[in-house]
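Chemist: I am sharing protein-v2.tsv, which consists of TSV, C-alpha atoms:
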chain	number	residue	atom	x	y	z
A	1	MET	CA	0.00	0.00	0.00
A	2	ALA	CA	1.37	3.42	-0.95
A	3	PHE	CA	2.04	6.08	1.64
A	4	HIS	CA	-0.04	9.22	1.14
A	5	LEU	CA	2.08	12.29	1.58
A	6	ARG	CA	0.53	15.53	2.71
A	7	SER	CA	-0.46	17.91	-0.03
A	8	VAL	CA	1.78	20.95	-0.30
A	9	SER	CA	0.06	24.27	0.27
A	10	LEU	CA	2.23	27.29	0.94
A	11	PRO	CA	1.04	29.98	3.38
A	12	SER	CA	1.48	33.64	2.47
A	13	SER	CA	4.35	34.50	4.85
A	14	PRO	CA	7.85	33.92	3.35
A	15	CYS	CA	9.06	32.57	6.71
A	16	SER	CA	6.09	30.19	6.90
A	17	ASN	CA	6.73	29.22	3.29
A	18	GLU	CA	10.26	28.14	4.15
A	19	ILE	CA	9.10	26.16	7.19
A	20	ASN	CA	6.43	24.45	5.09
A	21	VAL	CA	8.86	23.40	2.34
A	22	ASP	CA	11.36	22.22	4.94
A	23	GLU	CA	8.69	20.04	6.58
A	24	GLN	CA	7.60	18.63	3.23
A	25	LEU	CA	11.17	17.69	2.33
A	26	LYS	CA	11.68	15.97	5.68
A	27	SER	CA	8.39	14.09	5.27
A	28	LEU	CA	9.36	13.00	1.75
A	29	LYS	CA	12.81	11.82	2.85
A	30	THR	CA	11.34	9.72	5.66
A	31	THR	CA	8.59	8.22	3.52
A	32	VAL	CA	10.61	7.22	0.45
A	33	SER	CA	13.43	5.73	2.57
A	34	SER	CA	11.02	3.43	4.43
A	35	SER	CA	11.74	-0.30	4.11
A	36	SER	CA	8.04	-0.85	3.35
A	37	ALA	CA	8.01	1.64	0.46
A	38	THR	CA	6.35	0.44	-2.76
A	39	ILE	CA	6.17	1.59	-6.36
A	40	GLY	CA	3.06	3.51	-5.33
A	41	THR	CA	5.08	5.26	-2.63
A	42	MET	CA	7.66	6.31	-5.21
A	43	CYS	CA	4.99	7.57	-7.62
A	44	ASP	CA	3.45	9.67	-4.83
A	45	GLY	CA	6.94	10.89	-3.94
A	46	LEU	CA	7.64	12.01	-7.51
A	47	ARG	CA	4.36	13.92	-7.68
A	48	LYS	CA	5.00	15.65	-4.35
A	49	LEU	CA	8.55	16.48	-5.39
A	50	GLY	CA	7.11	18.21	-8.44
A	51	GLU	CA	4.92	20.34	-6.18
A	52	VAL	CA	7.81	21.11	-3.83
A	53	TYR	CA	10.05	22.18	-6.74
A	54	SER	CA	7.30	24.50	-7.98
A	55	PHE	CA	7.06	26.20	-4.60
A	56	ILE	CA	10.84	26.46	-4.23
A	57	GLY	CA	10.76	28.26	-7.58
A	58	GLU	CA	8.25	30.71	-6.13
A	59	LEU	CA	10.47	31.26	-3.09
A	60	ALA	CA	13.43	31.97	-5.37
A	61	CYS	CA	11.57	34.90	-6.90
A	62	LEU	CA	10.93	36.58	-3.53
A	63	PRO	CA	13.16	39.57	-2.62
A	64	SER	CA	13.99	37.87	0.69
A	65	SER	CA	15.36	34.75	-1.00
A	66	GLN	CA	18.99	36.04	-1.12
A	67	VAL	CA	19.41	34.31	-4.46
A	68	THR	CA	21.06	37.33	-6.07
A	69	GLN	CA	23.60	37.49	-3.22
A	70	GLN	CA	24.54	33.84	-3.80
A	71	ARG	CA	25.10	33.91	-7.54
A	72	LYS	CA	27.97	31.39	-7.51
A	73	ALA	CA	26.01	28.93	-5.33
A	74	VAL	CA	22.98	29.27	-7.61
A	75	GLU	CA	25.07	28.62	-10.71
A	76	GLN	CA	26.58	25.54	-9.05
A	77	GLU	CA	23.13	24.20	-8.20
A	78	LEU	CA	21.98	24.83	-11.75
A	79	GLU	CA	24.93	22.75	-12.92
A	80	ARG	CA	24.10	19.95	-10.47
A	81	SER	CA	20.48	19.91	-11.59
A	82	LEU	CA	21.63	18.92	-15.08
A	83	VAL	CA	22.73	15.56	-13.65
A	84	LEU	CA	19.20	14.93	-12.38
A	85	LEU	CA	17.68	16.00	-15.70
A	86	ASP	CA	19.94	13.55	-17.54
A	87	LEU	CA	18.99	10.85	-15.06
A	88	CYS	CA	15.28	11.51	-15.65
A	89	ASN	CA	15.83	11.08	-19.40
A	90	ALA	CA	17.80	7.86	-18.87
A	91	MET	CA	15.12	6.46	-16.54
A	92	GLN	CA	12.37	7.23	-19.04
A	93	GLU	CA	14.28	5.26	-21.66
A	94	SER	CA	14.76	2.36	-19.23
A	95	PHE	CA	11.08	2.40	-18.25
A	96	GLY	CA	10.17	2.12	-21.92
A	97	GLU	CA	12.40	-0.95	-22.30
A	98	ILE	CA	11.02	-2.51	-19.09
A	99	LYS	CA	7.45	-1.95	-20.25
A	100	GLU	CA	8.25	-3.60	-23.58
A	101	SER	CA	9.67	-6.63	-21.72
A	102	ILE	CA	6.48	-6.88	-19.65
A	103	LEU	CA	4.33	-6.84	-22.79
A	104	ASP	CA	6.51	-9.59	-24.29
A	105	MET	CA	6.12	-11.65	-21.09
A	106	GLN	CA	2.35	-11.30	-21.29
A	107	LEU	CA	2.36	-12.62	-24.86
A	108	ALA	CA	4.63	-15.54	-23.91
A	109	LEU	CA	2.30	-16.45	-21.04
A	110	LYS	CA	-0.76	-16.42	-23.29
A	111	ARG	CA	1.00	-18.74	-25.74
A	112	GLY	CA	2.24	-20.96	-22.93
A	113	ASP	CA	5.74	-20.61	-24.34
A	114	HIS	CA	7.94	-21.20	-21.29
A	115	ALA	CA	11.23	-20.80	-23.18
A	116	ALA	CA	10.14	-17.42	-24.55
A	117	LEU	CA	8.94	-16.39	-21.09
A	118	GLN	CA	12.35	-17.21	-19.60
A	119	ALA	CA	14.04	-15.13	-22.31
A	120	LYS	CA	11.73	-12.15	-21.74
A	121	ILE	CA	12.26	-12.32	-17.97
A	122	GLN	CA	15.99	-12.11	-18.60
A	123	SER	CA	15.33	-9.13	-20.86
A	124	TYR	CA	13.36	-7.48	-18.03
A	125	ILE	CA	16.21	-8.12	-15.59
A	126	ARG	CA	18.76	-6.63	-18.00
A	127	SER	CA	16.63	-3.51	-18.46
A	128	VAL	CA	16.31	-3.02	-14.69
A	129	LYS	CA	20.06	-3.52	-14.22
A	130	LYS	CA	20.69	-0.97	-16.94
A	131	ALA	CA	18.54	1.51	-15.02
A	132	GLN	CA	20.45	0.79	-11.81
A	133	LYS	CA	23.80	1.42	-13.52
A	134	GLN	CA	22.68	4.97	-14.27
A	135	PHE	CA	22.91	5.81	-10.57
A	136	LYS	CA	26.56	4.80	-10.29
A	137	LYS	CA	27.36	7.27	-13.05
A	138	SER	CA	25.15	10.00	-11.60
A	139	SER	CA	26.37	9.64	-8.01
A	140	LYS	CA	29.92	10.47	-9.15
A	141	LYS	CA	28.70	13.71	-10.76
A	142	SER	CA	26.19	14.84	-8.13
A	143	THR	CA	27.27	16.46	-4.88
A	144	ALA	CA	25.43	18.19	-2.06
A	145	ALA	CA	25.39	21.98	-1.91
A	146	GLU	CA	28.04	23.52	0.32
A	147	HIS	CA	26.25	26.85	0.75
A	148	GLU	CA	23.38	26.52	3.19
A	149	SER	CA	23.09	30.21	4.12
A	150	CYS	CA	20.66	30.58	1.22
A	151	LYS	CA	17.53	28.58	2.06
A	152	VAL	CA	16.50	28.25	-1.59
A	153	ILE	CA	19.81	26.58	-2.50
A	154	LYS	CA	19.56	24.34	0.56
A	155	PHE	CA	16.02	23.28	-0.41
A	156	LEU	CA	17.01	22.64	-4.03
A	157	SER	CA	19.97	20.52	-2.95
A	158	GLU	CA	17.81	18.45	-0.59
A	159	ALA	CA	15.06	18.03	-3.18
A	160	ARG	CA	17.60	16.90	-5.77
A	161	GLU	CA	19.06	14.28	-3.41
A	162	ILE	CA	15.57	13.00	-2.54
A	163	ALA	CA	14.65	12.83	-6.24
A	164	MET	CA	17.71	10.72	-7.01
A	165	SER	CA	16.92	8.49	-4.03
A	166	VAL	CA	13.34	8.00	-5.29
A	167	LEU	CA	14.52	7.04	-8.76
A	168	GLU	CA	17.15	4.65	-7.41
A	169	SER	CA	14.68	3.05	-4.99
A	170	SER	CA	12.18	2.64	-7.83
A	171	SER	CA	14.68	0.63	-9.85
A	172	GLN	CA	15.54	-1.49	-6.79
A	173	ILE	CA	11.86	-2.27	-6.17
A	174	LEU	CA	11.35	-3.15	-9.83
A	175	SER	CA	14.25	-5.62	-9.64
A	176	LYS	CA	12.28	-7.60	-7.03
A	177	GLN	CA	8.99	-7.73	-8.93
A	178	ILE	CA	9.83	-10.61	-11.27
A	179	ALA	CA	11.16	-14.01	-10.18
A	180	VAL	CA	12.72	-16.47	-12.62
A	181	PRO	CA	10.44	-19.56	-12.70
A	182	SER	CA	11.92	-23.03	-12.43
A	183	SER	CA	11.35	-25.08	-15.60
A	184	SER	CA	11.19	-28.31	-13.58
A	185	LYS	CA	8.48	-26.97	-11.30
A	186	TRP	CA	6.57	-25.62	-14.31
A	187	SER	CA	6.51	-29.03	-16.01
A	188	LEU	CA	5.26	-30.82	-12.88
A	189	VAL	CA	2.20	-28.60	-12.45
A	190	SER	CA	-1.06	-30.00	-13.85
A	191	LYS	CA	-2.68	-28.25	-16.80
A	192	THR	CA	-5.58	-26.97	-14.68
A	193	ILE	CA	-3.33	-25.44	-12.02
A	194	GLN	CA	-0.99	-24.20	-14.72
A	195	LYS	CA	-3.87	-22.30	-16.33
A	196	ARG	CA	-4.82	-20.68	-13.02
A	197	ARG	CA	-1.20	-19.75	-12.44
A	198	ILE	CA	-0.95	-18.14	-15.86
A	199	ILE	CA	-4.08	-16.05	-15.21
A	200	CYS	CA	-2.61	-14.94	-11.88
A	201	GLU	CA	0.73	-14.05	-13.45
A	202	GLU	CA	-0.99	-12.14	-16.26
A	203	ASP	CA	-2.83	-10.07	-13.65
A	204	GLN	CA	0.43	-9.38	-11.84
A	205	LEU	CA	2.14	-8.32	-15.06
A	206	GLN	CA	-0.75	-6.00	-15.92
A	207	ALA	CA	-0.48	-4.41	-12.48
A	208	LEU	CA	3.29	-4.03	-12.95
A	209	GLU	CA	2.75	-2.45	-16.36
A	210	LEU	CA	0.42	0.13	-14.77
A	211	ASP	CA	3.08	0.81	-12.12
A	212	ILE	CA	5.61	1.54	-14.88
A	213	VAL	CA	3.14	3.89	-16.57
A	214	ASP	CA	2.69	5.74	-13.25
A	215	LEU	CA	6.47	5.98	-12.81
A	216	GLU	CA	6.86	7.34	-16.33
A	217	SER	CA	4.22	9.97	-15.60
A	218	GLY	CA	5.88	10.89	-12.29
A	219	VAL	CA	9.34	11.24	-13.85
A	220	GLU	CA	7.90	13.32	-16.70
A	221	THR	CA	6.25	15.66	-14.17
A	222	LEU	CA	9.50	15.91	-12.21
A	223	PHE	CA	11.43	16.68	-15.40
A	224	ARG	CA	9.06	19.52	-16.32
A	225	THR	CA	9.16	21.08	-12.86
A	226	LEU	CA	12.96	20.84	-12.83
A	227	ILE	CA	13.03	22.86	-16.04
A	228	GLN	CA	10.64	25.40	-14.54
A	229	SER	CA	12.76	25.57	-11.40
A	230	ARG	CA	15.86	26.33	-13.48
A	231	VAL	CA	13.96	29.09	-15.28
A	232	SER	CA	12.86	30.59	-11.94
A	233	LEU	CA	16.44	30.63	-10.67
A	234	LEU	CA	17.74	32.22	-13.86
A	235	ASN	CA	15.00	34.85	-13.71
A	236	ALA	CA	15.84	35.57	-10.07
A	237	LEU	CA	19.50	36.09	-10.99
A	238	SER	CA	18.54	38.58	-13.69
A	239	PHE	CA	16.89	40.97	-11.20
Go through the file and emit its structure as C-alpha cells.
Modeler:
Amino acid sequence: MAFHLRSVSLPSSPCSNEINVDEQLKSLKTTVSSSSATIGTMCDGLRKLGEVYSFIGELACLPSSQVTQQRKAVEQELERSLVLLDLCNAMQESFGEIKESILDMQLALKRGDHAALQAKIQSYIRSVKKAQKQFKKSSKKSTAAEHESCKVIKFLSEAREIAMSVLESSSQILSKQIAVPSSSKWSLVSKTIQKRRIICEEDQLQALELDIVDLESGVETLFRTLIQSRVSLLNALSF
C-alpha cells in the first residue's frame, strides 16, 4: 500500500513558506526511505517532489530569497540539476524498455511458451540492471550543496538528493517484482493449475505495467518542474 504524503500548500508569509517546504522535504525523505516503500510510494513521492520544486521556484523569486547574493552557489546548483535532468531522461528510456519486456512476457504467457517467457524475464532483468547502472554514473557527478546560508539553494539541494533516491529506490523495487520460474516446477504442475497460475501471473504483469506507466508519468512531471525551477532561478539572478 502506498504512503499518502501531505499535499503541499504554501502559506502567504515567506518565513512560513520556508518552514512548510522544509517540513515537506523531511516528510518526503522519511517516507521514500522506508523499508516498506512500494512503487506507489515512489509515484506519490515524484508527484510531491514536483509540487515542492514548484514552490521552491516561487520562493526563489521573492526579494527575501537572497538568491542574487549567492550567484555562484545558484550557478553551481543549476549545474548539479543537469545531472538529475539527464537521469530523468535515462530512466524514461529504461522504463520504456522494461514496459516492452512486460508486454513480451504477457504474450509468452498467453501462448504458454515457457522458453520465450524465460528469455523475456531475462530481458526485463537486464533492463532493470541498466537503469540501476545509471545511478553509479550520476552519483559520481552529483554532490550536495556547500552553501546553506541561502535557504532556496539548501532546499534545491535536498530536493535533488531525494529525487535521485526516489529514482534509485524505484529501480531497486522493480528488480524484485519478477522471479525467474523453475522449468522443472513448471513441467510438474497440472494443466488446470498451470492455467490458473498463468491467469494470476498475467494479472500481476498488468499491475506491474500500470506501475511503470505511473512511474513514467511521475518522472515526466518531475522533469518539467525541474526545467521550470531552473527558469525561476535564472529569472531571479537577472533581477
Chemist: How would you write as a VMD selection string the residues that get within 12 Å of (18.1, 7.2, -3.0) in the file's frame, counting only C-alpha atoms?
Modeler: chain A and resid 28 to 34 42 45 132 135 to 136 138 to 139 158 to 173
Chemist: So what do you get for atom CA of His114 of chain A versus atom CA of Ile212 of chain A, distance-wise?
Modeler: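 Separating atom CA of His114 of chain A from atom CA of Ile212 of chain A is a distance of 23.7 Å.
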Chemist: Take atom CA of Ser229 of chain A and atom CA of Asn20 of chain A and report the distance between them in Å, one decimal.
Modeler: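 Separation between atom CA of Ser229 of chain A and atom CA of Asn20 of chain A: 17.7 Å.
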Chemist: For each of A:Leu174, A:Leu103, A:Ala60, A:Val83, take the minimum atom-to-atom distance to Ala131 of chain A, counting only C-alpha atoms, then give the residue where this is smallest.
Modeler: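 Nearest candidate to Ala131 of chain A out of A:Leu174, A:Leu103, A:Ala60, A:Val83: A:Leu174.
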Chemist: For Val128 of chain A, please output as a list in words all residues within 9 Å (counting all atoms listed in the file; exclusion window: fewer than 5 positions along the same chain).
Modeler: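 Residues near the query, excluding close chain neighbours: Ser94, Phe95, Glu97, Ile98, Ser123, Lys133, Ser171, Gln172, Leu174 and Ser175 of chain A.
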Chemist: In Å, how far is it from atom CA of Gln228 of chain A to atom CA of Asp214 of chain A?
Modeler: 21.2 Å
Chemist: For Leu215 of chain A, please output as a PDB file with C-alpha atoms, in the frame of the given file all residues within 7 Å (counting only C-alpha atoms; exclusion window: fewer than 4 positions along the same chain).
Modeler:
ATOM      1  CA  CYS A  43       4.990   7.570  -7.620  1.00  0.00           C
ATOM      2  CA  ASP A 211       3.080   0.810 -12.120  1.00  0.00           C
ATOM      3  CA  VAL A 219       9.340  11.240 -13.850  1.00  0.00           C
TER       4      VAL A 219
END
Chemist: Given only C-alpha atoms as the basis, pick out the residue of A:Ala108, A:Ala236, A:Cys150, A:Ala119 nearest to Leu205 of chain A.
Modeler: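 Between A:Ala108, A:Ala236, A:Cys150, A:Ala119, the residue approaching Leu205 of chain A most closely is A:Ala108.
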Chemist: I'd like to know which of A:Val152, A:Leu87, A:Val213, A:Ala37 is closest to Tyr53 of chain A, using only C-alpha atoms.
Modeler: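 The closest residue to Tyr53 of chain A is A:Val152.
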Chemist: Show me, as JSON, numbers by chain, the residues that have an atom within 10 Å of Gly57 of chain A when counting all atoms listed in the file, minus same-chain residues fewer than 4 positions from it.
Modeler: {"A": [51, 52, 53, 61, 62, 152, 156, 225, 226, 228, 229, 230, 231, 232, 233, 235, 236]}
Chemist: Give me the residues near Thr68 of chain A as a ChimeraX atom specification, where near means some atom within 9 Å (using only C-alpha atoms) and where sequence neighbours in that chain fewer than 6 positions away do not count.
Modeler: /A:74,236-239
Chemist: Find the residue from A:Gln122, A:Glu77, A:Pro63, A:Ala90 that sits nearest to Met105 of chain A; use only C-alpha atoms when measuring.
Modeler: A:Gln122
Chemist: Which residue out of A:Leu208, A:Ile56, A:Leu109, A:Ile153 has the minimum interatomic distance to Arg80 of chain A when all atoms listed in the file are used?
Modeler: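 Checking each candidate against Arg80 of chain A, we get A:Ile153 as the closest.
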